[in-house]
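**Student:** Input file: data.cif. Contents: mmCIF, C-alpha atoms and all ligand atoms.
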data_my_file
#
loop_
_atom_site.label_atom_id
_atom_site.label_comp_id
_atom_site.auth_asym_id
_atom_site.auth_seq_id
_atom_site.Cartn_x
_atom_site.Cartn_y
_atom_site.Cartn_z
CA MET A 41 35.84 10.53 -1.72
CA HIS A 42 35.06 8.47 -4.83
CA ARG A 43 33.21 9.72 -7.89
CA VAL A 44 30.03 7.67 -8.36
CA CYS A 45 28.04 6.46 -11.37
CA ILE A 46 25.01 4.49 -12.38
CA SER A 47 26.65 1.91 -14.61
CA SER A 48 23.56 -0.07 -15.60
CA THR A 49 19.90 -0.74 -14.92
CA GLY A 50 17.79 -3.89 -15.22
CA LEU A 51 14.12 -4.60 -15.78
CA PHE A 52 11.78 -7.48 -14.99
CA THR A 53 8.42 -7.21 -16.75
CA PRO A 54 5.60 -9.49 -15.47
CA PRO A 55 4.10 -11.95 -17.95
CA HIS A 56 0.47 -10.75 -17.89
CA VAL A 57 -1.07 -7.61 -19.39
CA ILE A 58 -4.45 -6.16 -18.43
CA SER A 59 -5.78 -3.71 -21.00
CA ASN A 60 -8.12 -0.90 -19.95
CA ALA A 61 -10.94 -2.66 -21.84
CA GLU A 62 -10.45 -5.90 -19.86
CA LEU A 63 -10.14 -3.96 -16.59
CA VAL A 64 -13.28 -1.92 -17.17
CA ASP A 65 -15.25 -4.98 -18.29
CA ALA A 66 -14.34 -6.83 -15.05
CA PHE A 67 -15.11 -3.75 -12.92
CA ASN A 68 -18.48 -3.19 -14.57
CA ARG A 69 -19.42 -6.87 -14.11
CA PHE A 70 -18.46 -6.50 -10.43
CA ALA A 71 -20.61 -3.33 -10.17
CA GLU A 72 -23.56 -5.14 -11.75
CA LEU A 73 -23.26 -8.06 -9.29
CA GLU A 74 -23.03 -5.67 -6.32
CA ASN A 75 -25.94 -3.57 -7.49
CA THR A 76 -28.12 -6.62 -8.15
CA ALA A 77 -27.30 -8.08 -4.71
CA ASN A 78 -28.11 -4.74 -3.03
CA ALA A 79 -31.00 -3.68 -5.29
CA ALA A 80 -33.52 -3.30 -2.43
CA ASP A 81 -31.20 -1.11 -0.31
CA ILE A 82 -30.26 0.98 -3.35
CA ALA A 83 -33.97 1.47 -4.23
CA ALA A 84 -34.70 2.42 -0.58
CA GLY A 85 -31.90 5.00 -0.65
CA LYS A 86 -29.95 3.15 2.05
CA ARG A 87 -27.02 2.48 -0.22
CA THR A 88 -25.55 4.11 -3.32
CA ALA A 89 -25.13 2.03 -6.44
CA VAL A 90 -21.57 1.26 -7.58
CA PRO A 91 -21.07 3.50 -10.64
CA SER A 92 -19.52 2.03 -13.77
CA SER A 93 -15.99 2.73 -14.97
CA SER A 94 -14.97 3.73 -18.47
CA VAL A 95 -11.94 3.30 -20.72
CA GLU A 96 -12.33 6.86 -22.02
CA PHE A 97 -12.16 8.33 -18.49
CA ILE A 98 -9.07 6.31 -17.57
CA GLU A 99 -7.16 7.30 -20.70
CA LYS A 100 -8.16 10.95 -20.49
CA ALA A 101 -7.55 11.32 -16.72
CA SER A 102 -4.30 9.36 -16.52
CA GLY A 103 -2.79 8.45 -19.91
CA ILE A 104 -2.68 4.80 -18.79
CA GLN A 105 -3.60 2.26 -21.50
CA GLN A 106 -2.61 -1.03 -19.85
CA ARG A 107 -0.64 -2.49 -16.95
CA TYR A 108 1.50 -5.58 -16.35
CA VAL A 109 0.58 -7.82 -13.41
CA LEU A 110 2.01 -10.96 -11.86
CA GLU A 111 -1.44 -12.61 -11.85
CA LYS A 112 -4.51 -11.46 -13.73
CA SER A 113 -7.26 -14.09 -13.33
CA GLY A 114 -8.05 -13.02 -9.75
CA VAL A 115 -8.09 -9.33 -10.66
CA LEU A 116 -10.49 -9.93 -13.54
CA ASP A 117 -12.80 -12.25 -11.57
CA PRO A 118 -15.74 -9.97 -10.61
CA THR A 119 -16.40 -12.11 -7.52
CA ARG A 120 -12.81 -11.63 -6.28
CA MET A 121 -11.14 -8.44 -7.61
CA ARG A 122 -7.63 -9.07 -6.29
CA PRO A 123 -4.72 -11.14 -7.63
CA ARG A 124 -4.40 -14.83 -6.73
CA LEU A 125 -0.91 -15.09 -5.30
CA ALA A 126 0.14 -18.41 -3.75
CA SER A 127 1.99 -18.25 -0.46
CA ARG A 128 5.41 -19.88 -0.68
CA PRO A 129 7.09 -22.07 1.94
CA ASP A 130 10.09 -20.63 3.80
CA SER A 131 12.31 -22.99 1.81
CA GLU A 132 11.43 -21.13 -1.43
CA ILE A 133 12.50 -17.66 -2.50
CA SER A 134 9.82 -15.02 -1.82
CA LEU A 135 7.96 -13.47 -4.74
CA MET A 136 9.51 -10.04 -4.15
CA ALA A 137 13.00 -11.51 -4.01
CA ASP A 138 12.28 -13.69 -7.04
CA ILE A 139 11.52 -10.79 -9.40
CA ALA A 140 14.27 -8.65 -7.84
CA VAL A 141 16.84 -11.37 -8.56
CA GLN A 142 15.73 -11.39 -12.21
CA ALA A 143 16.00 -7.59 -12.56
CA GLY A 144 19.27 -7.59 -10.58
CA ARG A 145 20.83 -10.23 -12.86
CA ASP A 146 19.79 -8.13 -15.86
CA ALA A 147 21.57 -5.06 -14.43
CA LEU A 148 24.73 -7.02 -13.53
CA LYS A 149 24.84 -8.59 -17.00
CA ARG A 150 24.46 -5.24 -18.76
CA ALA A 151 27.31 -3.82 -16.65
CA GLY A 152 29.44 -6.95 -17.16
CA LYS A 153 29.86 -7.22 -13.36
CA LYS A 154 30.20 -10.33 -11.26
CA PRO A 155 28.27 -10.44 -7.93
CA ALA A 156 31.65 -10.58 -6.15
CA ALA A 157 32.30 -6.98 -7.24
CA VAL A 158 29.21 -5.74 -5.38
CA ASP A 159 29.26 -4.99 -1.64
CA GLY A 160 25.61 -4.35 -0.84
CA VAL A 161 21.96 -4.75 -1.86
CA ILE A 162 19.19 -2.25 -1.13
CA CYS A 163 15.65 -3.48 -1.69
CA ALA A 164 13.71 -0.24 -2.06
CA ALA A 165 9.97 -0.45 -2.72
CA ALA A 166 6.60 1.00 -1.74
CA ASN A 167 5.34 -2.27 -0.24
CA MET A 168 7.21 -5.01 1.59
CA GLN A 169 6.10 -8.63 1.50
CA ARG A 170 7.11 -9.32 5.09
CA ALA A 171 8.74 -7.70 8.10
CA TYR A 172 11.90 -9.84 8.30
CA PRO A 173 14.32 -11.23 7.34
CA ALA A 174 14.88 -8.36 4.92
CA MET A 175 14.12 -9.23 1.30
CA ALA A 176 17.41 -7.50 0.44
CA ILE A 177 19.33 -10.16 2.39
CA GLU A 178 17.42 -12.93 0.62
CA ILE A 179 18.23 -11.29 -2.74
CA GLN A 180 21.87 -10.82 -1.71
CA HIS A 181 22.05 -14.54 -0.82
CA ALA A 182 20.38 -15.65 -4.07
CA LEU A 183 22.74 -13.53 -6.19
CA GLY A 184 25.89 -14.44 -4.22
CA ILE A 185 26.67 -10.84 -3.23
CA GLY A 186 28.75 -10.15 -0.10
CA GLY A 187 28.59 -7.19 2.28
CA PHE A 188 25.22 -5.94 3.52
CA GLY A 189 21.57 -5.83 2.51
CA PHE A 190 18.60 -3.86 3.84
CA ASP A 191 15.05 -2.97 2.88
CA MET A 192 13.75 0.58 2.72
CA ASN A 193 10.37 2.08 1.91
CA VAL A 194 9.76 5.68 0.90
CA ALA A 195 6.67 4.85 -1.20
CA CYS A 196 6.97 6.08 -4.81
CA SER A 197 10.33 7.72 -4.01
CA SER A 198 11.97 4.54 -2.73
CA ALA A 199 14.27 4.18 -5.76
CA THR A 200 15.64 7.73 -5.77
CA PHE A 201 16.12 7.70 -2.00
CA ALA A 202 18.02 4.42 -2.42
CA ILE A 203 20.20 6.00 -5.13
CA GLU A 204 21.32 8.59 -2.57
CA MET A 205 21.98 5.88 0.06
CA ALA A 206 23.95 3.79 -2.45
CA ALA A 207 25.82 6.80 -3.85
CA ASN A 208 26.86 7.86 -0.32
CA ALA A 209 28.10 4.33 0.48
CA VAL A 210 30.18 4.26 -2.71
CA LYS A 211 31.38 7.87 -2.35
CA SER A 212 32.61 7.26 1.21
CA GLY A 213 34.36 4.00 0.36
CA ALA A 214 31.97 1.88 2.46
CA ALA A 215 31.11 -0.14 -0.68
CA ARG A 216 32.66 -0.50 -4.14
CA ALA A 217 29.26 -1.07 -5.71
CA VAL A 218 25.66 -1.34 -4.48
CA LEU A 219 22.82 -3.06 -6.29
CA ILE A 220 19.42 -1.39 -5.79
CA VAL A 221 16.30 -3.39 -6.63
CA ASN A 222 12.73 -2.06 -6.77
CA PRO A 223 10.32 -5.00 -6.79
CA GLU A 224 7.05 -3.09 -7.01
CA ILE A 225 4.28 -5.64 -6.53
CA THR A 226 1.50 -3.08 -6.39
CA SER A 227 -1.45 -5.27 -7.43
CA PRO A 228 -2.17 -6.71 -3.96
CA HIS A 229 -2.42 -3.21 -2.40
CA LEU A 230 -4.67 -1.75 -5.09
CA ALA A 231 -8.42 -1.37 -4.41
CA TRP A 232 -9.60 -2.97 -7.65
CA LYS A 233 -13.22 -2.44 -6.48
CA ASP A 234 -12.81 1.35 -6.29
CA ARG A 235 -13.41 3.00 -9.67
CA ASP A 236 -11.55 6.17 -8.65
CA CYS A 237 -8.25 4.29 -8.53
CA HIS A 238 -8.69 0.75 -9.92
CA PHE A 239 -6.72 1.66 -13.05
CA ILE A 240 -3.72 3.28 -11.40
CA PHE A 241 -1.05 0.65 -10.66
CA GLY A 242 0.95 -2.11 -12.33
CA ASP A 243 3.61 -4.62 -11.20
CA VAL A 244 7.26 -4.52 -12.27
CA CYS A 245 10.82 -4.67 -10.93
CA THR A 246 13.77 -2.45 -11.77
CA ALA A 247 17.41 -2.69 -10.68
CA ILE A 248 20.15 -0.04 -10.57
CA LEU A 249 23.88 -0.67 -10.21
CA VAL A 250 25.67 2.19 -8.45
CA GLU A 251 29.45 1.99 -8.39
CA ARG A 252 32.76 3.86 -8.43
CA LEU A 253 33.26 5.78 -11.65
CA VAL A 254 36.83 4.48 -11.96
CA ASP A 255 35.56 0.88 -12.02
CA ALA A 256 33.11 1.52 -14.87
CA PRO A 257 33.69 1.92 -18.63
CA VAL A 258 33.18 5.22 -20.50
CA GLY A 259 29.53 5.86 -21.38
CA VAL A 260 28.03 5.36 -17.93
CA PHE A 261 26.11 8.08 -16.05
CA GLU A 262 28.06 9.93 -13.37
CA VAL A 263 25.92 10.96 -10.40
CA LEU A 264 26.55 14.72 -10.11
CA GLY A 265 24.23 15.04 -7.13
CA THR A 266 21.18 13.70 -5.34
CA LYS A 267 18.56 15.61 -3.37
CA LEU A 268 15.79 14.28 -1.17
CA VAL A 269 12.93 16.02 0.59
CA THR A 270 9.89 14.89 2.59
CA SER A 271 6.91 16.91 3.77
CA PHE A 272 4.06 15.26 5.69
CA SER A 273 0.74 14.80 3.91
CA ASN A 274 -2.32 12.60 4.47
CA ALA A 275 -3.35 12.76 0.80
CA ILE A 276 -1.90 9.34 -0.15
CA ARG A 277 -2.15 6.57 2.47
CA ASN A 278 -2.22 2.85 3.10
CA ASN A 279 -2.83 1.99 6.77
CA ALA A 280 -2.16 -1.77 6.57
CA GLY A 281 0.54 -2.83 8.99
CA PHE A 282 1.66 -5.29 11.60
CA MET A 283 -0.68 -3.85 14.25
CA THR A 284 -3.79 -4.36 12.08
CA ARG A 285 -4.72 -7.73 13.65
CA SER A 286 -4.28 -6.43 17.18
CA GLU A 287 -6.62 -3.57 16.35
CA ASP A 288 -9.31 -6.16 15.51
CA ARG A 289 -9.81 -4.52 12.13
CA ASP A 290 -11.92 -5.99 9.35
CA PRO A 291 -9.30 -7.10 6.78
CA ASP A 292 -11.57 -5.62 4.08
CA ASP A 293 -11.50 -2.11 5.59
CA ARG A 294 -10.91 0.33 2.74
CA ASP A 295 -8.03 2.16 4.44
CA LEU A 296 -5.97 -1.05 4.51
CA LEU A 297 -5.35 -0.60 0.77
CA PHE A 298 -4.03 2.36 -1.25
CA TYR A 299 -6.25 5.43 -1.12
CA GLN A 300 -5.70 9.03 -2.08
CA GLU A 301 -7.18 12.41 -2.75
CA GLY A 302 -6.08 12.43 -6.38
CA ARG A 303 -6.89 16.08 -7.18
CA LYS A 304 -5.13 17.34 -4.04
CA VAL A 305 -2.07 15.24 -4.84
CA PHE A 306 -2.04 16.60 -8.36
CA LYS A 307 -2.28 20.22 -7.20
CA GLU A 308 0.24 19.97 -4.37
CA VAL A 309 2.89 17.66 -5.79
CA CYS A 310 3.42 19.20 -9.26
CA PRO A 311 4.72 22.58 -8.01
CA MET A 312 6.76 20.86 -5.29
CA ALA A 313 8.44 18.53 -7.80
CA ALA A 314 9.15 21.32 -10.32
CA SER A 315 10.70 23.61 -7.70
CA HIS A 316 12.67 20.69 -6.20
CA ILE A 317 14.22 19.91 -9.60
CA GLY A 318 14.89 23.60 -10.26
CA SER A 319 16.68 24.12 -6.94
CA HIS A 320 18.62 20.87 -7.24
CA LEU A 321 19.88 21.93 -10.67
CA ALA A 322 20.72 25.44 -9.39
CA SER A 323 22.82 23.92 -6.59
CA LEU A 324 24.91 22.31 -9.34
CA ASP A 325 25.08 25.54 -11.39
CA LEU A 326 22.68 24.11 -13.95
CA THR A 327 19.31 25.25 -15.28
CA PRO A 328 16.43 23.19 -16.71
CA GLY A 329 17.57 24.42 -20.14
CA ASP A 330 20.86 22.55 -19.64
CA VAL A 331 19.02 19.25 -19.20
CA ARG A 332 18.70 16.89 -22.14
CA ARG A 333 16.05 14.72 -20.50
CA PHE A 334 13.85 14.41 -17.40
CA TRP A 335 13.07 10.84 -16.36
CA LEU A 336 10.03 11.64 -14.23
CA HIS A 337 7.92 9.52 -11.89
CA GLN A 338 5.18 7.88 -13.91
CA ALA A 339 1.85 8.40 -12.13
CA ASN A 340 -0.15 10.56 -14.47
CA LEU A 341 0.55 12.01 -17.91
CA ALA A 342 -0.99 15.42 -17.18
CA MET A 343 1.08 15.70 -14.00
CA ASN A 344 4.29 15.19 -15.97
CA GLN A 345 3.15 17.62 -18.67
CA LEU A 346 2.52 20.26 -16.01
CA ILE A 347 5.92 19.69 -14.37
CA GLY A 348 7.57 19.84 -17.81
CA ARG A 349 5.86 23.17 -18.59
CA LYS A 350 6.85 24.62 -15.21
CA LEU A 351 10.48 23.65 -15.79
CA LEU A 352 10.90 24.46 -19.46
CA GLY A 353 8.34 27.24 -19.99
CA ARG A 354 6.95 25.23 -22.91
CA ASP A 355 5.38 21.81 -23.53
CA ALA A 356 7.88 19.02 -22.89
CA THR A 357 8.24 16.66 -25.86
CA PRO A 358 8.42 12.87 -25.37
CA ASP A 359 12.17 13.33 -25.98
CA ASP A 360 12.39 15.82 -23.07
CA ALA A 361 10.30 13.70 -20.69
CA PRO A 362 9.65 10.16 -21.94
CA VAL A 363 6.37 8.44 -21.08
CA ILE A 364 6.16 4.79 -20.08
CA LEU A 365 3.02 4.92 -17.93
CA ASN A 366 0.83 4.27 -20.98
CA GLU A 367 2.34 0.76 -21.09
CA PHE A 368 3.18 0.10 -17.39
CA ALA A 369 0.70 2.35 -15.46
CA ASN A 370 2.02 3.72 -12.15
CA THR A 371 4.69 1.29 -10.95
CA ALA A 372 5.46 3.27 -7.76
CA SER A 373 9.20 3.83 -7.32
CA ALA A 374 10.14 1.91 -10.47
CA GLY A 375 8.47 4.32 -12.92
CA SER A 376 11.23 6.91 -13.33
CA ILE A 377 13.80 4.10 -13.46
CA ILE A 378 11.95 2.35 -16.30
CA ALA A 379 11.89 5.70 -18.14
CA PHE A 380 15.68 5.96 -17.66
CA HIS A 381 16.23 2.29 -18.57
CA ARG A 382 14.32 2.62 -21.83
CA HIS A 383 15.49 6.11 -22.83
CA HIS A 384 19.19 6.81 -22.28
CA ASP A 385 21.10 5.11 -25.12
CA ASP A 386 20.93 8.20 -27.34
CA PHE A 387 22.71 10.45 -24.79
CA ARG A 388 25.97 11.96 -26.00
CA LYS A 389 29.02 12.54 -23.80
CA ASP A 390 28.50 15.28 -21.17
CA GLU A 391 24.74 15.52 -21.71
CA VAL A 392 22.83 15.90 -18.44
CA GLY A 393 19.61 14.21 -17.34
CA VAL A 394 17.49 14.21 -14.17
CA ILE A 395 15.69 11.28 -12.55
CA CYS A 396 12.89 12.57 -10.30
CA SER A 397 10.28 10.70 -8.28
CA PHE A 398 7.42 12.02 -6.18
CA GLY A 399 4.76 10.32 -4.10
CA ALA A 400 3.30 9.46 -0.72
CA GLY A 401 4.81 11.14 2.30
CA TYR A 402 5.04 13.46 0.44
CA SER A 403 8.49 12.40 -0.71
CA ILE A 404 10.51 13.78 -3.61
CA GLY A 405 13.90 12.53 -4.74
CA SER A 406 16.13 13.52 -7.64
CA ALA A 407 19.44 12.44 -9.13
CA VAL A 408 21.29 14.63 -11.65
CA LEU A 409 23.33 12.49 -14.04
CA ARG A 410 25.94 13.27 -16.71
CA ARG A 411 26.98 10.83 -19.40
CA THR A 412 30.69 10.11 -19.43
C1 LIG B 1 -6.46 9.87 -9.86
C2 LIG B 1 -6.66 10.83 -11.03
C3 LIG B 1 -6.25 10.15 -12.32
C4 LIG B 1 -8.15 11.16 -11.11
O1 LIG B 1 -8.36 12.11 -12.16
P1 LIG B 1 -9.26 13.40 -11.94
O2 LIG B 1 -9.33 14.12 -13.21
O3 LIG B 1 -8.71 14.10 -10.73
O4 LIG B 1 -10.67 12.77 -11.67
P2 LIG B 1 -11.65 12.96 -10.41
O5 LIG B 1 -11.22 11.99 -9.33
O6 LIG B 1 -11.81 14.38 -10.05
O7 LIG B 1 -12.97 12.43 -11.05
C5 LIG B 1 -13.69 13.14 -12.07
C6 LIG B 1 -15.03 12.49 -12.26
O8 LIG B 1 -14.85 11.21 -12.89
C7 LIG B 1 -15.42 10.18 -12.09
N1 LIG B 1 -14.62 8.96 -12.18
C8 LIG B 1 -13.64 8.57 -11.34
N2 LIG B 1 -13.14 7.38 -11.73
C9 LIG B 1 -13.82 7.04 -12.84
C10 LIG B 1 -13.75 5.92 -13.70
N3 LIG B 1 -12.88 4.93 -13.48
N4 LIG B 1 -14.56 5.88 -14.76
C11 LIG B 1 -15.46 6.86 -14.99
N5 LIG B 1 -15.58 7.95 -14.21
C12 LIG B 1 -14.77 8.04 -13.15
C13 LIG B 1 -15.43 10.75 -10.68
O9 LIG B 1 -16.38 10.12 -9.87
C14 LIG B 1 -15.76 12.20 -10.94
O10 LIG B 1 -17.13 12.33 -11.15
P3 LIG B 1 -17.89 13.65 -10.63
O11 LIG B 1 -17.26 14.80 -11.37
O12 LIG B 1 -19.30 13.39 -11.00
O13 LIG B 1 -17.64 13.69 -9.15
C15 LIG B 1 -5.85 12.12 -10.83
O14 LIG B 1 -6.37 12.90 -9.80
C16 LIG B 1 -4.39 11.85 -10.53
O15 LIG B 1 -3.68 11.21 -11.28
N6 LIG B 1 -3.87 12.40 -9.47
C17 LIG B 1 -2.46 12.27 -9.19
C18 LIG B 1 -2.24 11.38 -8.06
C19 LIG B 1 -1.59 10.07 -8.33
O16 LIG B 1 -1.56 9.53 -9.39
N7 LIG B 1 -1.08 9.52 -7.26
C20 LIG B 1 -0.50 8.23 -7.26
C21 LIG B 1 0.56 8.16 -6.27
S1 LIG B 1 1.95 9.20 -6.71
#
Output the structure of this file as structure tokens.
**Tutor:**
Amino acid sequence: MHRVCISSTGLFTPPHVISNAELVDAFNRFAELENTANAADIAAGKRTAVPSSSVEFIEKASGIQQRYVLEKSGVLDPTRMRPRLASRPDSEISLMADIAVQAGRDALKRAGKKPAAVDGVICAAANMQRAYPAMAIEIQHALGIGGFGFDMNVACSSATFAIEMAANAVKSGAARAVLIVNPEITSPHLAWKDRDCHFIFGDVCTAILVERLVDAPVGVFEVLGTKLVTSFSNAIRNNAGFMTRSEDRDPDDRDLLFYQEGRKVFKEVCPMAASHIGSHLASLDLTPGDVRRFWLHQANLAMNQLIGRKLLGRDATPDDAPVILNEFANTASAGSIIAFHRHHDDFRKDEVGVICSFGAGYSIGSAVLRRT
């Protein structure tokens, strides 16, 4: 059995930013158009008016101040309210693979690794652009990596579940190194016309290089353990799938985009995530007090504050549990990885940190890391 580490991470940040003010302005113009078009039905009580959104609500309820997106003109067009993404011919790299290659190159460069030293690619994300061929194989081809590639989707926990898959492959000797990429193109699956959730997501891509500890320099993060759990819930769903057209569904049906019962998720997931982290640490003879930093999933600031309090018995400081959702919004599985990517340089030798994701499924994944 080989000892395993995360030797580097990479980040691709999309070129466009949508501030809360821009988002709310577009939403409220959309609401006005809808309400004007349906004024008679609204007056007759046959239809409810679309209520307006507000920057104050978004910041107070979520902590999100802006989000990056791959395309913003379509999102901010009140007559459209979804990104304008051009379809690409089969001869061109897909959009998911394109941003994954950029994040993957960043991770390889930071680790000083050549693609030839990597034996596998896992493309782990909450949404997949197509059924097959796997985006991971396209990414593997574009980067010149040998071995295997496969796609996997565990919603917002895709990255941590992939860390366990990659760590097991390296531990067993099946691969010397595995590159994980998390191209989270969330903007096409977001209901930008629904004020309850139109502010939630942003686009991004992260990459994680998992390899044998002996092949990496001092200063990397040894993976002490990983722990995954799933428990069925209907509280976060997206019913779009390959059977949709055979079901003769209206492509605009609301359940074919992300939807959730936000309060329920909040109430159910926070205690689950805190107890998951606690028991994972206990299995390694560690306590939350031994942990220098928690790189938590980035969905909602209050959620992370609550998990921090449950773990530490006090308010977590930004040093204990860094926040990136103010800048990126919820980037599905990439959120905790961005937090790690941005906030690990100050770790001293032997300090311990925990990456933890939680999301639809429900699914919770954690990785306990120690700096070498
Ligand atoms: C989604 C979330 C931010 C909503 O926050 P909340 O405090 O639960 O807010 P609620 O949905 O209860 O809405 C409170 C009120 O604000 C209103 N509201 C909702 N969106 C609004 C908006 N954009 N602008 C203004 N008001 C809004 C609601 O209609 C509601 O009004 P009411 O009290 O008259 O019914 C929060 O529940 C959350 O983050 N949950 C965690 C789940 C999550 O992020 N999951 C992602 C996948 S992991």
**Student:** Report as an MDAnalysis selection string which protein, DNA and RNA residues come within 9 Å of ligand LIG 1 (chain B), using all atoms listed in the file.
**Tutor:** chainID A and resid 64 67 91:103 195:197 234:241 275:276 298:307 309 337:343 370 372 397:400 402
**Student:** Calculated over all atoms listed in the file, which of the candidates A:Ala202, A:Ala379, A:Val363, A:Val141 has the smallest distance to Leu268 in chain A?
**Tutor:**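 Closest to Leu268 in chain A of all the choices is A:Ala202.
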**Student:** Taking 4 positions as the minimum chain separation for residues in the same chain, which residues sit within 9 Å of range 113-117 of chain A when counting only C-alpha atoms? Answer as a short mmCIF file (atom, residue, chain, number, x, y, z; two decimals) with C-alpha atoms, keeping the file's coordinate frame.
**Tutor:**
data_model
loop_
_atom_site.label_atom_id
_atom_site.label_comp_id
_atom_site.auth_asym_id
_atom_site.auth_seq_id
_atom_site.Cartn_x
_atom_site.Cartn_y
_atom_site.Cartn_z
CA ILE A 58 -4.45 -6.16 -18.43
CA GLU A 62 -10.45 -5.90 -19.86
CA LEU A 63 -10.14 -3.96 -16.59
CA ASP A 65 -15.25 -4.98 -18.29
CA ALA A 66 -14.34 -6.83 -15.05
CA PHE A 67 -15.11 -3.75 -12.92
CA ARG A 69 -19.42 -6.87 -14.11
CA PHE A 70 -18.46 -6.50 -10.43
CA MET A 121 -11.14 -8.44 -7.61
CA ARG A 122 -7.63 -9.07 -6.29
CA PRO A 123 -4.72 -11.14 -7.63
CA ARG A 124 -4.40 -14.83 -6.73
CA LEU A 125 -0.91 -15.09 -5.30
CA SER A 227 -1.45 -5.27 -7.43
CA TRP A 232 -9.60 -2.97 -7.65
#
**Student:** Work out how far apart CA of Ala361 in chain A and CA of Ala147 in chain A are and give it in Å to one decimal.
**Tutor:**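 We find that CA of Ala361 in chain A and CA of Ala147 in chain A lie 22.8 Å from each other.
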**Student:** Between CA of Lys149 in chain A and CA of Leu409 in chain A, what is the distance in Å, rounded to a tenth?
**Tutor:**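 Pair CA of Lys149 in chain A / CA of Leu409 in chain A returns 21.3 Å.
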**Student:** Ser376 in chain A: which residues within 9 Å, counting only C-alpha atoms, same-chain residues fewer than 5 positions away excluded, as a compact mmCIF listing (two decimals) with C-alpha atoms, in the frame of the given file?
**Tutor:**
# COMPACT_ATOMS: atom_id res chain seq x y z
CA ALA A 199 14.27 4.18 -5.76
CA THR A 200 15.64 7.73 -5.77
CA PHE A 334 13.85 14.41 -17.40
CA TRP A 335 13.07 10.84 -16.36
CA LEU A 336 10.03 11.64 -14.23
CA HIS A 337 7.92 9.52 -11.89
CA GLN A 338 5.18 7.88 -13.91
CA ILE A 364 6.16 4.79 -20.08
CA THR A 371 4.69 1.29 -10.95
CA HIS A 381 16.23 2.29 -18.57
CA ILE A 395 15.69 11.28 -12.55
CA CYS A 396 12.89 12.57 -10.30
CA SER A 397 10.28 10.70 -8.28
**Student:** Calculated over all atoms listed in the file, which of the candidates A:Leu219, A:Met136, A:Ile104, A:Leu321 has the smallest distance to Val158 in chain A?
**Tutor:**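 Checking each of A:Leu219, A:Met136, A:Ile104, A:Leu321 against Val158 in chain A, counting all atoms listed in the file, the winner is A:Leu219.
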**Student:** Could you check how far CA of Asp295 in chain A sits from CA of Met283 in chain A, in Å to one decimal?
**Tutor:**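 Value for the CA of Asp295 in chain A-CA of Met283 in chain A distance: 13.7 Å.
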**Student:** Residues around (25.9, 14.1, -12.3), cut-off 9 Å, counting all atoms listed in the file - what are they as a short mmCIF file (atom, residue, chain, number, x, y, z; two decimals) with C-alpha atoms, in the frame of the given file?
**Tutor:**
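This went into point_8.cif:
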data_model
loop_
_atom_site.label_atom_id
_atom_site.label_comp_id
_atom_site.auth_asym_id
_atom_site.auth_seq_id
_atom_site.Cartn_x
_atom_site.Cartn_y
_atom_site.Cartn_z
CA VAL A 44 30.03 7.67 -8.36
CA CYS A 45 28.04 6.46 -11.37
CA PHE A 261 26.11 8.08 -16.05
CA GLU A 262 28.06 9.93 -13.37
CA VAL A 263 25.92 10.96 -10.40
CA LEU A 264 26.55 14.72 -10.11
CA GLY A 265 24.23 15.04 -7.13
CA THR A 266 21.18 13.70 -5.34
CA LEU A 324 24.91 22.31 -9.34
CA VAL A 392 22.83 15.90 -18.44
CA GLY A 393 19.61 14.21 -17.34
CA VAL A 394 17.49 14.21 -14.17
CA ALA A 407 19.44 12.44 -9.13
CA VAL A 408 21.29 14.63 -11.65
CA LEU A 409 23.33 12.49 -14.04
CA ARG A 410 25.94 13.27 -16.71
CA ARG A 411 26.98 10.83 -19.40
#
**Student:** Can you pull out the residues contacting Gly213 in chain A? Cut-off 12 Å, using only C-alpha atoms, and skip same-chain residues under 2 positions away; I want them as a list in words.
**Tutor:**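 That gives Met41, His42, Arg43, Val44, Asp159, Ala206, Ala207, Asn208, Ala209, Val210, Lys211, Ala215, Arg216, Ala217, Val218, Glu251 and Arg252 of chain A.
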**Student:** Calculated over all atoms listed in the file, which of the candidates A:Asp146, A:Glu204, A:Asp255, A:Asp330 has the smallest distance to Gly405 in chain A?
**Tutor:**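 Smallest distance to Gly405 in chain A is found for A:Glu204.
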**Student:** Using only C-alpha atoms, can you tell me which of A:Ile317, A:Ala356, A:Ala247, A:Ala83 comes closest to Val269 in chain A?
**Tutor:**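 Ranked by minimum distance to Val269 in chain A, first place goes to A:Ile317.
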**Student:** Near Leu297 in chain A, within 8 Å and counting only C-alpha atoms, which residues show up once chain neighbours fewer than 5 positions away are dropped, as a list in words?
**Tutor:**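 What passes the distance filter is His229, Leu230, Ala231, Asn278, Asn279 and Ala280 of chain A.
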**Student:** Return the single residue from A:Asp288, A:Ser48, A:Asn366, A:Ala80 that is closest to His384 in chain A, with distances computed using all atoms listed in the file.
**Tutor:**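 Closest to His384 in chain A of all the choices is A:Ser48.
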**Student:** So which residues are close to (2.6, -8.8, -5.3), meaning at most 12 Å away in the file's coordinates with all atoms listed in the file counted, and can you show them as a VMD selection string?
**Tutor:** chain A and resid 54 108 to 112 115 122 to 127 134 to 140 165 to 170 223 to 230 241 to 245 371
**Student:** Rank nothing, just name the residue among A:Ile220, A:Val254, A:Ala143, A:Ile185 nearest to Cys163 in chain A, using only C-alpha atoms.
**Tutor:**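 Closest to Cys163 in chain A, using only C-alpha atoms: A:Ile220.
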